[in-house]
Amino acid sequence: MRGVAAWAGAFYLAALYGFIFLPVAVLVLFSFQGSRLPIPPFDGPSLEWYATVLGDRKLTGAVVHSLLVALVSSAFACVTGFLAAYGLARHRLPAAAFQRALITAPLTVSYLIIGLGLLILFNMLGVGRSLLTVGIGHAVINMPLCFAIIYSQMGAHQVNIERAARDLGAADWQVLTLVTAPMLAPAVMAAYLLSVTFSWDEFIIAFLLSRFDVTLPVEIWSLLRSGLDPKTNAAGSLVFLISVALVAAMEFLLSRRATRR
Amino acid sequence: MTADVEVRCVTYRFGDVAALSGIDLRIAAGRFVVLLGPSGCGKTTLLSVLGGFLAPSEGQVLIGGRDMTAVPPAKRPTTTVFQDYALFPHMTLGANVGFGLRMRGVGRAERDSRAADMLRLVGLEGAFGKRPHELSGGQRQRVALARALAVEPDVLLLDEPLGALDLALRRQMQQELKAIQRRIGTTFIHVTHDQEEAMAIADEIVVMNAGRVRDHGSPARVYLRPRCRFSAAFMGEANFVSGRIEAVGAALAVMTPFGCHDLPAGAAACETAPGKRVDLCFRPEHLDSGDLRPGALDLGSGTVEDIGFFGTFHRARVALDALGGAPVIAHLPQGARTEPGMRLRLGLDPARIVLLPEEPE
């Protein structure tokens, strides 16, 4: 009986992971396809489509745009999220619970709604769609995330450490830059990397708020409109690879912090 | 670097609750003072007021004769050693100890050399490049001490600094704290709830309860001649027996359950007037059993209810006939052979008795 249960469990586990990862595995597999269509039978492996992707000026341009938007908007989201977390964790503010809820609320709103809202707002203000507006959109969705991660790591045990710094003569800005921020560096870095990851493969907001210069997911989408092509698979695989690398880096930072405690 | 501290009529309220009410305290420069009291007595609140972390609702704090009431912690000639050490986890020990000097604009080379000196003072030479997480609790507390002393404060505030250490280490650190304080001469104000620690290190003990100072004096004075019942009971075990002053003269005639006795005039820690009700206070180690010494006050006989061996003495609970069976605690000699149920006659040197103002239990 136990043997049967163990086998059933293993089967269920395999089915579960298959369900989650099979689409990605198929995408990556057919990015190495030899012929022109990413459908079975697989006749690779070939790096031809990766060469095509890396040789495509529009795609490489989109990679640069994506990186630019991700790195800059995440930095902005991280700094504002950190300051908001510091304010709410260290000072007694009126309606603090409500303010906290208000900051994290955008996490529950769909990107489509946020994107549409920003689109309408920018139209009203006469701000043209560009990488800047995409960056603003990504800062809007990632700031609550950065706030939540950093806020969760701001414990009461750090209060005395900040007090000690003040006691030894540090001004407020010195406490913030010399003590609080370095002490929370792992959480801040984790928030930053997660934010970069989300911005890197975000599509809807980037699609709605960009015009001539587009980010990689938007460029891949326009590739898809011209039909299936292993080149799309290769581009998608690259996006996936970079996302995985970022998440792994974040996990490493957080676990290193956990073991040091 | 040292200064005197004066607290004038300081009150601190958390909402409606007064954590400190009307504290008056004068501490001379270079003294090692311990604020002693149970949890919630206001001792840590008082320390925070001295350090500038809390602003008193009323009253003044003067350090070295200057009014510090509205001065923020960074600008005060005080530094604090926190119970949880509060070291900067991302800095080396050298950078931790040098932090205060860095904030004062001292250059790197001088800062590092002074930090190394301070680490040597607390017995951590050679640990300059280590980080706090590599150290044991006792070592962290030494670093916290070095960090607080590196800026040469006039007054060092210690908030239960030894609370998290085990007993043996605590004893050792008590001696070291005392030795360091002697060497540098800075005024130390140390908070603890451990009366043994207070007696071991203090020049002066300030006993606090419910936001007030209840007693203030040398450890021997506070232990042997307490000013109030709370102070007597908090400093160690004490027996209390009700009495009434009958006559005031060269000696005090006091009516006690053991008869009317003359006590030395200095026995009273309260105003004396005929008819005034008082509590007689005496310590368990002042009771003698068996044959009474000449001049001893006879407490009569009683039955041993319970006895325990504490190493240097036996602690006996004796139900005294004269008290209608109410018990007193007596410390009997190490060699005593006493069993529960035995009858025992107790005596007491009248000079050991302190008369305290009567107050409810």
# chains A, B, ... in the order shown; residues from 1 in each chain; ligands from 1

call {"tool": "interface_residues", "arguments": {"of": "chain B", "to": "chain A", "cutoff": "8 Å", "atoms": "only C-alpha atoms", "output": "list of chain:residue names"}}
result
B:Gly51, B:Pro73, B:Ala74, B:Lys75, B:Thr78, B:Thr79, B:Thr80, B:Phe82, B:Asp84, B:Ala86, B:Leu87, B:Phe88, B:Pro89, B:His90, B:Phe99, B:Gly100, B:Met103, B:Arg104, B:His133, B:Ala148, B:Val151

call {"tool": "closest_atom_pairs", "arguments": {"of": "region 176-261 of chain A", "to": "region 42-53 of chain A", "cutoff": "9 Å", "atoms": "only C-alpha atoms", "output": "CSV"}}
result
residue,atom,partner,partner_atom,distance
A:Asp229,CA,A:Trp49,CA,9.0
A:Pro230,CA,A:Trp49,CA,6.2
A:Lys231,CA,A:Trp49,CA,4.9
A:Thr232,CA,A:Val53,CA,8.2
A:Asn233,CA,A:Trp49,CA,8.4
A:Ala234,CA,A:Tyr50,CA,5.6
A:Ala235,CA,A:Val53,CA,6.4
A:Leu238,CA,A:Tyr50,CA,8.8

call {"tool": "write_last_selection", "arguments": {"atoms": "N, CA and C atoms", "output": "tab-separated table (two decimals), in the first residue's frame"}}
result
chain	number	residue	atom	x	y	z
A	229	ASP	N	7.71	31.12	-35.54
A	229	ASP	CA	9.07	31.21	-36.06
A	229	ASP	C	10.01	30.83	-34.92
A	230	PRO	N	10.98	29.92	-35.14
A	230	PRO	CA	11.90	29.55	-34.04
A	230	PRO	C	12.67	30.76	-33.51
A	231	LYS	N	12.75	31.83	-34.30
A	231	LYS	CA	13.40	33.04	-33.84
A	231	LYS	C	12.68	33.61	-32.60
A	232	THR	N	11.34	33.56	-32.64
A	232	THR	CA	10.55	34.00	-31.48
A	232	THR	C	10.89	33.14	-30.27
A	233	ASN	N	10.97	31.82	-30.50
A	233	ASN	CA	11.33	30.92	-29.41
A	233	ASN	C	12.68	31.30	-28.81
A	234	ALA	N	13.63	31.60	-29.69
A	234	ALA	CA	14.98	31.94	-29.20
A	234	ALA	C	14.93	33.22	-28.37
A	235	ALA	N	14.20	34.22	-28.86
A	235	ALA	CA	14.09	35.48	-28.11
A	235	ALA	C	13.42	35.22	-26.76
A	238	LEU	N	15.71	33.59	-24.30
A	238	LEU	CA	16.67	34.53	-23.71
A	238	LEU	C	16.02	35.33	-22.58

call {"tool": "atom_distance", "arguments": {"atom1": "CA of Leu216 (chain A)", "atom2": "CA of Leu125 (chain A)"}}
result
26.7 Å

call {"tool": "select_by_dssp", "arguments": {"residues": "region 102-277 of chain B", "states": "alpha helix (DSSP H)", "output": "ChimeraX atom specification"}}
result
/B:102-103,108-121,137-150,167-184,195-201,219-224,229-234

call {"tool": "atom_distance", "arguments": {"atom1": "CA of Ala253 (chain B)", "atom2": "CA of Arg227 (chain B)"}}
result
19.8 Å

call {"tool": "residues_around", "arguments": {"residues": "Ala210 (chain B)", "least_positions_apart": "3", "cutoff": "8 Å", "atoms": "only C-alpha atoms", "output": "MDAnalysis selection string"}}
result
chainID B and resid 19:20 40:42

call {"tool": "write_last_selection", "arguments": {"atoms": "N, CA and C atoms", "output": "mmCIF file, in the first residue's frame"}}
result
data_model
loop_
_atom_site.group_PDB
_atom_site.id
_atom_site.type_symbol
_atom_site.label_atom_id
_atom_site.label_comp_id
_atom_site.auth_asym_id
_atom_site.auth_seq_id
_atom_site.Cartn_x
_atom_site.Cartn_y
_atom_site.Cartn_z
ATOM 1 N N ALA B 19 5.028 57.270 34.056
ATOM 2 C CA ALA B 19 6.109 56.295 34.203
ATOM 3 C C ALA B 19 7.148 56.822 35.182
ATOM 4 N N LEU B 20 7.262 58.146 35.272
ATOM 5 C CA LEU B 20 8.132 58.768 36.263
ATOM 6 C C LEU B 20 7.322 59.875 36.913
ATOM 7 N N GLY B 40 9.226 47.701 35.000
ATOM 8 C CA GLY B 40 8.129 48.656 34.989
ATOM 9 C C GLY B 40 8.225 49.718 36.063
ATOM 10 N N CYS B 41 9.371 49.790 36.780
ATOM 11 C CA CYS B 41 9.479 50.778 37.861
ATOM 12 C C CYS B 41 9.871 52.144 37.323
ATOM 13 N N GLY B 42 10.246 52.207 36.038
ATOM 14 C CA GLY B 42 10.605 53.498 35.451
ATOM 15 C C GLY B 42 12.097 53.713 35.305
#

call {"tool": "closest_atom_pairs", "arguments": {"of": "region 161-225 of chain A", "to": "region 101-111 of chain A", "cutoff": "12 Å", "atoms": "only C-alpha atoms", "output": "JSON lines"}}
result
{"residue": "A:Phe198", "atom": "CA", "partner": "A:Tyr111", "partner_atom": "CA", "distance": 11.4}
{"residue": "A:Ser199", "atom": "CA", "partner": "A:Tyr111", "partner_atom": "CA", "distance": 11.6}
{"residue": "A:Glu202", "atom": "CA", "partner": "A:Tyr111", "partner_atom": "CA", "distance": 9.0}
{"residue": "A:Phe203", "atom": "CA", "partner": "A:Tyr111", "partner_atom": "CA", "distance": 9.1}
{"residue": "A:Ile204", "atom": "CA", "partner": "A:Tyr111", "partner_atom": "CA", "distance": 6.7}
{"residue": "A:Ile205", "atom": "CA", "partner": "A:Tyr111", "partner_atom": "CA", "distance": 6.5}
{"residue": "A:Ala206", "atom": "CA", "partner": "A:Tyr111", "partner_atom": "CA", "distance": 10.0}
{"residue": "A:Phe207", "atom": "CA", "partner": "A:Tyr111", "partner_atom": "CA", "distance": 11.1}
{"residue": "A:Leu208", "atom": "CA", "partner": "A:Tyr111", "partner_atom": "CA", "distance": 10.3}
{"residue": "A:Leu209", "atom": "CA", "partner": "A:Tyr111", "partner_atom": "CA", "distance": 11.8}

call {"tool": "closest_residue", "arguments": {"among": "A:Val196, A:Val214, A:Ile120, A:Val24", "to": "Ala70 (chain A)", "atoms": "only C-alpha atoms"}}
result
A:Val196

call {"tool": "select_by_dssp", "arguments": {"residues": "region 31-132 of chain B", "states": "strand (DSSP E or B)", "output": "ChimeraX atom specification"}}
result
/B:32-36,58-63,66-67,78-81

call {"tool": "write_last_selection", "arguments": {"atoms": "N, CA and C atoms", "output": "PDB file, in the first residue's frame"}}
result
ATOM      1  N   PHE B  32      29.774  55.611  40.267  1.00  0.00           N
ATOM      2  CA  PHE B  32      29.130  54.465  39.602  1.00  0.00           C
ATOM      3  C   PHE B  32      27.791  54.280  40.292  1.00  0.00           C
ATOM      4  N   VAL B  33      26.737  54.688  39.593  1.00  0.00           N
ATOM      5  CA  VAL B  33      25.405  54.686  40.191  1.00  0.00           C
ATOM      6  C   VAL B  33      24.552  53.619  39.526  1.00  0.00           C
ATOM      7  N   VAL B  34      23.834  52.858  40.328  1.00  0.00           N
ATOM      8  CA  VAL B  34      22.937  51.846  39.777  1.00  0.00           C
ATOM      9  C   VAL B  34      21.497  52.234  40.056  1.00  0.00           C
ATOM     10  N   LEU B  35      20.693  52.270  38.991  1.00  0.00           N
ATOM     11  CA  LEU B  35      19.247  52.444  39.151  1.00  0.00           C
ATOM     12  C   LEU B  35      18.654  51.051  39.267  1.00  0.00           C
ATOM     13  N   LEU B  36      18.059  50.764  40.414  1.00  0.00           N
ATOM     14  CA  LEU B  36      17.605  49.403  40.709  1.00  0.00           C
ATOM     15  C   LEU B  36      16.106  49.406  40.944  1.00  0.00           C
ATOM     16  N   GLU B  58       7.609  66.972  32.406  1.00  0.00           N
ATOM     17  CA  GLU B  58       7.922  68.115  33.277  1.00  0.00           C
ATOM     18  C   GLU B  58       9.311  67.908  33.835  1.00  0.00           C
ATOM     19  N   GLY B  59       9.910  68.996  34.289  1.00  0.00           N
ATOM     20  CA  GLY B  59      11.187  68.895  34.983  1.00  0.00           C
ATOM     21  C   GLY B  59      12.372  69.141  34.080  1.00  0.00           C
ATOM     22  N   GLN B  60      13.555  69.042  34.680  1.00  0.00           N
ATOM     23  CA  GLN B  60      14.797  69.392  33.994  1.00  0.00           C
ATOM     24  C   GLN B  60      15.861  68.338  34.207  1.00  0.00           C
ATOM     25  N   VAL B  61      16.737  68.193  33.221  1.00  0.00           N
ATOM     26  CA  VAL B  61      17.917  67.344  33.356  1.00  0.00           C
ATOM     27  C   VAL B  61      19.141  68.222  33.153  1.00  0.00           C
ATOM     28  N   LEU B  62      20.037  68.237  34.146  1.00  0.00           N
ATOM     29  CA  LEU B  62      21.272  69.019  34.015  1.00  0.00           C
ATOM     30  C   LEU B  62      22.462  68.073  34.034  1.00  0.00           C
ATOM     31  N   ILE B  63      23.361  68.251  33.087  1.00  0.00           N
ATOM     32  CA  ILE B  63      24.588  67.450  33.072  1.00  0.00           C
ATOM     33  C   ILE B  63      25.749  68.426  33.069  1.00  0.00           C
ATOM     34  N   ARG B  66      24.825  72.080  32.948  1.00  0.00           N
ATOM     35  CA  ARG B  66      24.129  72.670  31.800  1.00  0.00           C
ATOM     36  C   ARG B  66      22.784  71.996  31.593  1.00  0.00           C
ATOM     37  N   ASP B  67      21.790  72.796  31.243  1.00  0.00           N
ATOM     38  CA  ASP B  67      20.442  72.261  31.044  1.00  0.00           C
ATOM     39  C   ASP B  67      20.406  71.458  29.744  1.00  0.00           C
ATOM     40  N   THR B  78      26.524  62.355  26.690  1.00  0.00           N
ATOM     41  CA  THR B  78      26.218  61.012  27.193  1.00  0.00           C
ATOM     42  C   THR B  78      26.291  60.023  26.033  1.00  0.00           C
ATOM     43  N   THR B  79      26.610  58.765  26.333  1.00  0.00           N
ATOM     44  CA  THR B  79      26.407  57.695  25.362  1.00  0.00           C
ATOM     45  C   THR B  79      25.777  56.525  26.101  1.00  0.00           C
ATOM     46  N   THR B  80      25.172  55.641  25.328  1.00  0.00           N
ATOM     47  CA  THR B  80      24.396  54.560  25.933  1.00  0.00           C
ATOM     48  C   THR B  80      24.930  53.208  25.489  1.00  0.00           C
ATOM     49  N   VAL B  81      24.972  52.269  26.434  1.00  0.00           N
ATOM     50  CA  VAL B  81      25.231  50.868  26.108  1.00  0.00           C
ATOM     51  C   VAL B  81      23.886  50.157  26.217  1.00  0.00           C
TER      52      VAL B  81
END

call {"tool": "closest_residue", "arguments": {"among": "B:Glu176, B:Glu339, B:Asp279, B:Glu134", "to": "Arg315 (chain B)", "atoms": "only C-alpha atoms"}}
result
B:Glu339

call {"tool": "decode", "arguments": {"residues": "region 33-177 of chain B", "atoms": "C-alpha atoms", "output": "CSV table (one decimal), in the first residue's frame"}}
result
chain,number,residue,atom,x,y,z
B,33,VAL,CA,25.4,54.7,40.2
B,34,VAL,CA,22.9,51.8,39.8
B,35,LEU,CA,19.2,52.4,39.2
B,36,LEU,CA,17.6,49.4,40.7
B,37,GLY,CA,14.0,48.3,40.6
B,38,PRO,CA,11.5,45.7,39.4
B,39,SER,CA,10.3,45.7,35.7
B,40,GLY,CA,8.1,48.7,35.0
B,41,CYS,CA,9.5,50.8,37.9
B,42,GLY,CA,10.6,53.5,35.5
B,43,LYS,CA,14.4,52.9,35.7
B,44,THR,CA,14.8,52.5,31.9
B,45,THR,CA,12.5,55.4,31.2
B,46,LEU,CA,14.7,57.5,33.5
B,47,LEU,CA,17.8,56.4,31.6
B,48,SER,CA,16.1,57.3,28.3
B,49,VAL,CA,15.3,60.7,29.7
B,50,LEU,CA,19.0,61.1,30.7
B,51,GLY,CA,20.1,60.0,27.2
B,52,GLY,CA,17.7,62.3,25.5
B,53,PHE,CA,15.7,59.6,23.8
B,54,LEU,CA,12.6,60.7,25.7
B,55,ALA,CA,11.7,64.3,26.6
B,56,PRO,CA,10.3,64.6,30.1
B,57,SER,CA,6.7,65.9,30.4
B,58,GLU,CA,7.9,68.1,33.3
B,59,GLY,CA,11.2,68.9,35.0
B,60,GLN,CA,14.8,69.4,34.0
B,61,VAL,CA,17.9,67.3,33.4
B,62,LEU,CA,21.3,69.0,34.0
B,63,ILE,CA,24.6,67.4,33.1
B,64,GLY,CA,27.8,69.2,34.2
B,65,GLY,CA,25.5,72.1,35.3
B,66,ARG,CA,24.1,72.7,31.8
B,67,ASP,CA,20.4,72.3,31.0
B,68,MET,CA,20.1,69.3,28.7
B,69,THR,CA,16.3,68.9,28.8
B,70,ALA,CA,15.8,69.8,25.2
B,71,VAL,CA,19.1,68.7,23.8
B,72,PRO,CA,18.9,65.7,21.4
B,73,PRO,CA,21.0,62.5,22.1
B,74,ALA,CA,23.6,63.3,19.5
B,75,LYS,CA,24.5,66.6,21.2
B,76,ARG,CA,24.6,65.3,24.7
B,77,PRO,CA,27.8,64.4,26.6
B,78,THR,CA,26.2,61.0,27.2
B,79,THR,CA,26.4,57.7,25.4
B,80,THR,CA,24.4,54.6,25.9
B,81,VAL,CA,25.2,50.9,26.1
B,82,PHE,CA,22.1,49.0,25.1
B,83,GLN,CA,20.9,45.7,26.5
B,84,ASP,CA,20.8,44.1,23.0
B,85,TYR,CA,24.2,45.6,22.2
B,86,ALA,CA,22.9,47.4,19.1
B,87,LEU,CA,26.1,47.0,17.2
B,88,PHE,CA,26.2,47.9,13.5
B,89,PRO,CA,26.0,44.4,11.9
B,90,HIS,CA,27.5,45.5,8.6
B,91,MET,CA,30.6,47.1,10.0
B,92,THR,CA,33.8,45.7,11.5
B,93,LEU,CA,34.4,46.1,15.2
B,94,GLY,CA,36.9,48.8,14.4
B,95,ALA,CA,34.4,50.7,12.4
B,96,ASN,CA,31.7,50.2,15.1
B,97,VAL,CA,34.0,51.6,17.8
B,98,GLY,CA,35.2,54.4,15.6
B,99,PHE,CA,31.7,55.4,14.5
B,100,GLY,CA,31.2,58.1,17.1
B,101,LEU,CA,34.6,59.6,16.2
B,102,ARG,CA,33.7,59.5,12.5
B,103,MET,CA,30.5,61.5,13.3
B,104,ARG,CA,32.7,64.0,15.1
B,105,GLY,CA,34.9,64.4,12.0
B,106,VAL,CA,37.9,62.7,13.3
B,107,GLY,CA,40.2,61.5,10.5
B,108,ARG,CA,40.5,57.8,9.6
B,109,ALA,CA,44.0,57.2,10.9
B,110,GLU,CA,43.4,58.7,14.3
B,111,ARG,CA,39.9,57.1,14.5
B,112,ASP,CA,41.4,53.7,13.8
B,113,SER,CA,44.1,54.0,16.4
B,114,ARG,CA,41.7,55.2,19.1
B,115,ALA,CA,39.3,52.4,18.2
B,116,ALA,CA,42.2,49.9,18.6
B,117,ASP,CA,43.0,51.5,22.0
B,118,MET,CA,39.4,51.1,23.1
B,119,LEU,CA,39.2,47.5,22.0
B,120,ARG,CA,42.4,46.9,24.0
B,121,LEU,CA,40.7,48.5,27.0
B,122,VAL,CA,37.9,46.0,26.9
B,123,GLY,CA,40.2,43.1,26.3
B,124,LEU,CA,39.5,42.6,22.5
B,125,GLU,CA,42.8,43.6,21.0
B,126,GLY,CA,43.3,42.1,17.6
B,127,ALA,CA,39.6,41.8,16.9
B,128,PHE,CA,39.6,45.1,14.9
B,129,GLY,CA,38.7,43.5,11.6
B,130,LYS,CA,36.0,41.1,12.9
B,131,ARG,CA,32.3,41.5,12.5
B,132,PRO,CA,29.7,41.5,15.3
B,133,HIS,CA,28.2,38.1,14.2
B,134,GLU,CA,31.5,36.4,14.8
B,135,LEU,CA,31.5,37.3,18.5
B,136,SER,CA,29.8,35.8,21.6
B,137,GLY,CA,27.3,37.8,23.6
B,138,GLY,CA,29.9,38.8,26.2
B,139,GLN,CA,32.3,40.0,23.5
B,140,ARG,CA,29.6,42.0,21.8
B,141,GLN,CA,28.8,43.7,25.0
B,142,ARG,CA,32.5,44.7,25.4
B,143,VAL,CA,32.4,46.1,21.9
B,144,ALA,CA,29.3,48.1,22.7
B,145,LEU,CA,31.1,49.4,25.8
B,146,ALA,CA,34.2,50.3,23.8
B,147,ARG,CA,32.0,52.1,21.2
B,148,ALA,CA,30.2,54.1,23.8
B,149,LEU,CA,33.4,55.1,25.6
B,150,ALA,CA,35.4,55.9,22.4
B,151,VAL,CA,33.8,59.4,22.2
B,152,GLU,CA,34.9,60.1,25.8
B,153,PRO,CA,31.4,60.8,27.2
B,154,ASP,CA,31.0,62.7,30.5
B,155,VAL,CA,28.3,60.2,31.5
B,156,LEU,CA,27.9,56.6,30.3
B,157,LEU,CA,24.4,55.2,30.5
B,158,LEU,CA,24.1,51.4,30.7
B,159,ASP,CA,20.7,49.8,30.0
B,160,GLU,CA,20.7,46.4,31.7
B,161,PRO,CA,24.0,45.7,29.8
B,162,LEU,CA,24.6,42.3,31.4
B,163,GLY,CA,21.0,41.0,31.3
B,164,ALA,CA,21.5,38.6,28.4
B,165,LEU,CA,24.7,37.0,29.8
B,166,ASP,CA,25.0,33.8,31.9
B,167,LEU,CA,25.8,34.1,35.6
B,168,ALA,CA,29.5,33.4,35.5
B,169,LEU,CA,30.1,35.8,32.6
B,170,ARG,CA,27.9,38.4,34.3
B,171,ARG,CA,30.1,38.3,37.5
B,172,GLN,CA,33.2,38.7,35.4
B,173,MET,CA,31.8,41.6,33.4
B,174,GLN,CA,30.6,43.3,36.6
B,175,GLN,CA,34.2,43.3,37.9
B,176,GLU,CA,35.5,44.5,34.5
B,177,LEU,CA,32.9,47.3,34.3
